[in-house]
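S.K.: My structure is in structure_5.csv, and what it holds is CSV, C-alpha atoms and all ligand atoms:
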```csv
chain,number,residue,atom,x,y,z
L,5,MET,CA,-39.0,-92.4,47.6
L,6,THR,CA,-38.0,-89.2,49.5
L,7,ASP,CA,-37.4,-87.5,46.3
L,8,HIS,CA,-40.7,-88.5,45.0
L,9,ASN,CA,-42.6,-87.3,48.0
L,10,HIS,CA,-40.8,-84.0,47.9
L,11,HIS,CA,-41.7,-83.6,44.3
L,12,TYR,CA,-45.3,-84.5,45.1
L,13,GLU,CA,-45.6,-81.8,47.8
L,14,ASP,CA,-44.1,-79.3,45.5
L,15,GLU,CA,-46.8,-79.8,42.9
L,16,ILE,CA,-49.8,-79.9,45.1
L,17,THR,CA,-50.4,-76.2,45.7
L,18,LEU,CA,-54.1,-76.0,45.1
L,19,ARG,CA,-57.3,-77.6,46.3
L,20,CYS,CA,-60.6,-78.1,44.5
L,21,SER,CA,-63.0,-75.5,45.8
L,22,ARG,CA,-65.8,-77.9,45.6
L,23,CYS,CA,-64.6,-81.3,47.0
L,24,GLY,CA,-61.3,-80.1,48.6
L,25,LYS,CA,-59.2,-82.7,46.7
L,26,PRO,CA,-55.6,-81.6,46.2
L,27,ILE,CA,-54.9,-80.8,42.6
L,28,THR,CA,-51.8,-79.8,40.7
L,29,PRO,CA,-51.8,-76.4,38.9
L,30,ALA,CA,-51.6,-78.4,35.6
L,31,GLU,CA,-54.9,-80.2,36.3
L,32,ALA,CA,-56.7,-77.3,38.0
L,33,ILE,CA,-59.6,-75.8,36.0
L,34,GLN,CA,-60.3,-72.2,36.8
L,35,THR,CA,-63.9,-71.3,37.4
L,36,PRO,CA,-65.5,-68.1,38.7
L,37,THR,CA,-65.8,-69.8,42.1
L,38,GLY,CA,-62.2,-70.9,42.3
L,39,TYR,CA,-60.1,-73.9,41.1
L,40,ARG,CA,-61.9,-77.1,40.5
L,41,CYS,CA,-60.8,-80.7,39.8
L,42,SER,CA,-61.8,-82.2,36.5
L,43,ASP,CA,-64.3,-84.6,38.2
L,44,CYS,CA,-66.2,-81.7,39.7
L,45,VAL,CA,-66.2,-79.8,36.5
L,46,ARG,CA,-67.6,-82.8,34.6
L,47,GLN,CA,-70.3,-83.2,37.2
L,48,GLN,CA,-71.1,-79.6,37.0
L,49,GLN,CA,-71.5,-79.8,33.3
L,50,LYS,CA,-74.0,-82.6,33.7
L,51,VAL,CA,-76.0,-80.3,35.9
L,52,PHE,CA,-75.9,-77.7,33.1
L,53,ASP,CA,-77.5,-80.2,30.7
L,54,THR,CA,-80.9,-78.6,31.2
L,55,SER,CA,-82.6,-79.3,27.9
L,56,GLN,CA,-86.1,-80.8,27.7
L,57,PRO,CA,-87.4,-83.0,24.9
L,58,LEU,CA,-89.4,-80.2,23.4
L,59,ASP,CA,-86.3,-78.1,23.1
L,60,TYR,CA,-84.9,-80.5,20.6
L,61,ILE,CA,-88.0,-80.3,18.4
L,62,LEU,CA,-88.3,-76.5,18.7
L,63,GLY,CA,-84.6,-75.9,18.4
L,64,PHE,CA,-84.4,-78.0,15.3
L,65,ILE,CA,-87.4,-76.4,13.6
L,66,ILE,CA,-86.2,-72.9,14.3
L,67,ALA,CA,-82.7,-73.7,13.1
L,68,ALA,CA,-84.0,-75.4,9.9
L,69,ALA,CA,-86.5,-72.5,9.2
L,70,LEU,CA,-83.9,-69.8,9.8
L,71,GLY,CA,-81.3,-71.9,8.0
L,72,LEU,CA,-83.6,-71.9,5.0
L,73,LEU,CA,-84.1,-68.2,5.2
L,74,GLY,CA,-80.4,-67.6,5.4
L,75,SER,CA,-79.7,-69.8,2.5
L,76,TRP,CA,-82.3,-68.0,0.5
L,77,LEU,CA,-80.8,-64.6,1.4
L,78,THR,CA,-77.4,-66.0,0.3
L,79,THR,CA,-78.8,-66.3,-3.2
L,80,LEU,CA,-79.6,-62.6,-3.1
L,81,ILE,CA,-76.7,-61.0,-1.2
L,82,ARG,CA,-74.2,-63.3,-2.9
L,83,PHE,CA,-70.7,-61.9,-2.1
L,84,PHE,CA,-71.9,-60.2,1.1
L,85,THR,CA,-72.5,-63.7,2.5
L,86,LEU,CA,-68.9,-63.7,3.5
L,87,LEU,CA,-69.6,-60.7,5.8
L,88,LEU,CA,-73.0,-61.6,7.1
L,89,ALA,CA,-73.0,-65.4,7.5
L,90,PRO,CA,-71.3,-65.3,11.0
L,91,ALA,CA,-74.0,-62.9,12.1
L,92,ALA,CA,-76.7,-65.1,10.7
L,93,GLY,CA,-75.3,-68.0,12.8
L,94,VAL,CA,-75.4,-65.8,15.9
L,95,GLY,CA,-79.0,-64.7,15.0
L,96,ILE,CA,-80.1,-68.3,14.7
L,97,ALA,CA,-78.5,-69.2,18.0
L,98,GLU,CA,-80.2,-66.3,19.7
L,99,ALA,CA,-83.6,-67.3,18.3
L,100,VAL,CA,-83.0,-70.9,19.6
L,101,ARG,CA,-82.0,-69.6,23.0
L,102,LEU,CA,-85.1,-67.5,23.2
L,103,VAL,CA,-87.4,-70.3,22.3
L,104,THR,CA,-85.7,-72.9,24.5
L,105,LYS,CA,-85.5,-70.4,27.3
L,106,LYS,CA,-81.7,-70.7,27.3
L,107,ARG,CA,-81.8,-74.4,28.3
L,108,ARG,CA,-78.8,-76.2,27.1
L,109,SER,CA,-77.1,-79.4,26.1
L,110,LYS,CA,-74.4,-80.3,23.7
L,111,ARG,CA,-76.8,-82.5,21.8
L,112,LEU,CA,-79.2,-79.7,21.4
L,113,PHE,CA,-76.4,-77.4,20.0
L,114,ARG,CA,-75.4,-80.1,17.5
L,115,LEU,CA,-79.0,-80.6,16.5
L,116,VAL,CA,-79.2,-76.9,15.8
L,117,GLY,CA,-76.2,-77.1,13.5
L,118,LEU,CA,-77.8,-80.0,11.7
L,119,GLY,CA,-81.0,-78.1,11.4
L,120,ILE,CA,-79.2,-75.2,9.7
L,121,ILE,CA,-77.6,-77.6,7.2
L,122,LEU,CA,-80.8,-79.5,6.5
L,123,GLY,CA,-82.8,-76.2,6.2
L,124,SER,CA,-80.4,-74.8,3.6
L,125,LEU,CA,-80.5,-78.0,1.5
L,126,PRO,CA,-83.3,-76.9,-0.8
L,127,PHE,CA,-81.2,-73.9,-2.0
L,128,VAL,CA,-78.0,-75.9,-2.1
L,129,VAL,CA,-79.7,-78.5,-4.2
L,130,ARG,CA,-81.3,-75.9,-6.5
L,131,THR,CA,-77.9,-74.2,-6.9
L,132,LEU,CA,-76.3,-77.5,-7.7
L,133,LEU,CA,-79.0,-78.4,-10.2
L,134,ASN,CA,-78.5,-75.0,-11.8
L,135,LEU,CA,-74.8,-75.6,-12.1
L,136,ILE,CA,-75.4,-79.1,-13.6
L,137,PHE,CA,-77.8,-77.5,-16.1
L,138,HIS,CA,-75.3,-74.9,-17.1
L,139,LEU,CA,-72.7,-77.6,-17.6
L,140,SER,CA,-75.0,-79.7,-19.6
L,141,VAL,CA,-75.8,-76.9,-22.1
L,142,GLY,CA,-72.1,-76.0,-22.3
L,143,VAL,CA,-72.3,-72.5,-20.8
L,144,PHE,CA,-70.0,-73.2,-18.0
L,145,ASN,CA,-67.5,-70.6,-16.9
L,146,PRO,CA,-65.7,-70.3,-13.5
L,147,PHE,CA,-68.2,-67.8,-12.3
L,148,SER,CA,-70.9,-70.5,-12.5
L,149,LEU,CA,-69.4,-72.0,-9.4
L,150,LEU,CA,-69.9,-68.8,-7.3
L,151,PRO,CA,-73.6,-69.4,-6.3
L,152,LEU,CA,-72.7,-72.9,-4.9
L,153,GLY,CA,-69.6,-71.4,-3.3
L,154,TYR,CA,-71.7,-68.8,-1.5
L,155,GLN,CA,-74.0,-71.6,-0.2
L,156,VAL,CA,-70.9,-73.5,1.1
L,157,VAL,CA,-69.4,-70.3,2.7
L,158,TYR,CA,-72.8,-69.6,4.3
L,159,LEU,CA,-72.9,-73.1,5.9
L,160,VAL,CA,-69.2,-73.2,6.8
L,161,MET,CA,-69.5,-69.8,8.6
L,162,ALA,CA,-73.0,-69.9,10.0
L,163,VAL,CA,-73.0,-73.4,11.5
L,164,PRO,CA,-69.9,-73.0,13.7
L,165,SER,CA,-70.9,-69.5,14.6
L,166,ALA,CA,-74.3,-70.7,15.8
L,167,TYR,CA,-72.7,-73.6,17.7
L,168,TYR,CA,-70.2,-71.5,19.5
L,169,ARG,CA,-72.7,-68.9,20.3
L,170,LEU,CA,-74.8,-71.5,22.0
L,171,SER,CA,-72.1,-73.5,23.7
L,172,GLY,CA,-69.9,-70.5,24.6
L,173,SER,CA,-72.6,-68.9,26.7
L,174,ARG,CA,-72.1,-71.5,29.4
L,175,ARG,CA,-71.7,-70.1,32.9
L,176,LEU,CA,-69.9,-72.5,35.3
H,201,ZN,ZN,-63.3,-81.5,43.0
```
Since I need it in another form, could you write the structure as structure tokens?

M.R.:
Amino acid sequence: MTDHNHHYEDEITLRCSRCGKPITPAEAIQTPTGYRCSDCVRQQQKVFDTSQPLDYILGFIIAAALGLLGSWLTTLIRFFTLLLAPAAGVGIAEAVRLVTKKRRSKRLFRLVGLGIILGSLPFVVRTLLNLIFHLSVGVFNPFSLLPLGYQVVYLVMAVPSAYYRLSGSRRL
């Protein structure tokens, strides 16, 4: 018992700057306003869910429209998609932030990711049909896979890049 108490006092070296609850260094979460307990951080994050219903509609439309544009550009710039797709994601995120006045929620960010994916579907499908056509007439070579590969690379890079741009701008 004594040992346990001693150990306990050893570990409690911090207090939550919001509710004053003692916290161990392991469970303390550093914020610009000091260490916080996980309960307070969770509550704080709820406060930061500032999105409004219209944000979901506008965010989705912007993401889908720019996702489509990016997907079309991918068919033109081809190899350079590898270099430009992350920037495209950031651009889409910034456009959404502008339209939604930087209001935020995780659901909104996920919806933006979905919008980019759905927006680029027309070109993904067109590329896929093209590939199937090439296969059916027997003119397949490994390079026939490249256009589809660029579309996949575009999505794999742009979607996370947009998501992290949106969610990473949180200020606690
Ligand atoms: Zn607290």

S.K.: One decimal, in Å: what's the spacing between atom CA of L:Ala97 and atom CA of L:Thr79?

M.R.: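 Computed distance, atom CA of L:Ala97 to atom CA of L:Thr79, equals 21.4 Å.
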
S.K.: Could you tell me how far atom CA of L:Leu115 sits from atom CA of L:Val45, in Å to one decimal place?

M.R.: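 Taking atom CA of L:Val45 and atom CA of L:Leu115, their separation equals 23.8 Å.
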
S.K.: Kindly provide, as an MDAnalysis selection string, all nucleotide and amino acid residues lying within 7 Å of ligand ZN 201 (chain H), counting only C-alpha atoms and all ligand atoms.

M.R.: chainID L and resid 20:25 40:44

S.K.: Now that the selection is made, can you save its residues with C-alpha atoms as a JSON list (two decimals), in the frame of the given file?

M.R.:
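Now in again05.json:
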```json
[["chain", "number", "residue", "atom", "x", "y", "z"],
["L", 20, "CYS", "CA", -60.60, -78.10, 44.50],
["L", 21, "SER", "CA", -63.00, -75.50, 45.80],
["L", 22, "ARG", "CA", -65.80, -77.90, 45.60],
["L", 23, "CYS", "CA", -64.60, -81.30, 47.00],
["L", 24, "GLY", "CA", -61.30, -80.10, 48.60],
["L", 25, "LYS", "CA", -59.20, -82.70, 46.70],
["L", 40, "ARG", "CA", -61.90, -77.10, 40.50],
["L", 41, "CYS", "CA", -60.80, -80.70, 39.80],
["L", 42, "SER", "CA", -61.80, -82.20, 36.50],
["L", 43, "ASP", "CA", -64.30, -84.60, 38.20],
["L", 44, "CYS", "CA", -66.20, -81.70, 39.70]]
```

S.K.: Excluding same-chain residues fewer than 6 positions from L:Leu112, what lies within 12 Å of it counting only C-alpha atoms, as an mmCIF file with C-alpha atoms, keeping the file's coordinate frame?

M.R.:
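So result.cif came out as:
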```
data_model
loop_
_atom_site.group_PDB
_atom_site.id
_atom_site.type_symbol
_atom_site.label_atom_id
_atom_site.label_comp_id
_atom_site.auth_asym_id
_atom_site.auth_seq_id
_atom_site.Cartn_x
_atom_site.Cartn_y
_atom_site.Cartn_z
ATOM 1 C CA ASP L 53 -77.500 -80.200 30.700
ATOM 2 C CA THR L 54 -80.900 -78.600 31.200
ATOM 3 C CA SER L 55 -82.600 -79.300 27.900
ATOM 4 C CA GLN L 56 -86.100 -80.800 27.700
ATOM 5 C CA PRO L 57 -87.400 -83.000 24.900
ATOM 6 C CA LEU L 58 -89.400 -80.200 23.400
ATOM 7 C CA ASP L 59 -86.300 -78.100 23.100
ATOM 8 C CA TYR L 60 -84.900 -80.500 20.600
ATOM 9 C CA ILE L 61 -88.000 -80.300 18.400
ATOM 10 C CA LEU L 62 -88.300 -76.500 18.700
ATOM 11 C CA GLY L 63 -84.600 -75.900 18.400
ATOM 12 C CA PHE L 64 -84.400 -78.000 15.300
ATOM 13 C CA ILE L 65 -87.400 -76.400 13.600
ATOM 14 C CA ALA L 67 -82.700 -73.700 13.100
ATOM 15 C CA ALA L 97 -78.500 -69.200 18.000
ATOM 16 C CA VAL L 100 -83.000 -70.900 19.600
ATOM 17 C CA ARG L 101 -82.000 -69.600 23.000
ATOM 18 C CA THR L 104 -85.700 -72.900 24.500
ATOM 19 C CA LYS L 106 -81.700 -70.700 27.300
ATOM 20 C CA LEU L 118 -77.800 -80.000 11.700
ATOM 21 C CA GLY L 119 -81.000 -78.100 11.400
ATOM 22 C CA ALA L 166 -74.300 -70.700 15.800
ATOM 23 C CA TYR L 167 -72.700 -73.600 17.700
ATOM 24 C CA LEU L 170 -74.800 -71.500 22.000
ATOM 25 C CA SER L 171 -72.100 -73.500 23.700
#
```

S.K.: State, in Å with one decimal place, the distance from atom CA of L:Phe52 to atom CA of L:Ala99.

M.R.: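 These atoms are spaced 19.7 Å apart.
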
S.K.: Can you work out which one of L:Ala69, L:Val51, L:Val157, L:Leu149 has the shortest atom-to-atom distance to L:Pro126, counting only C-alpha atoms?

M.R.: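 The closest residue to L:Pro126 is L:Ala69.
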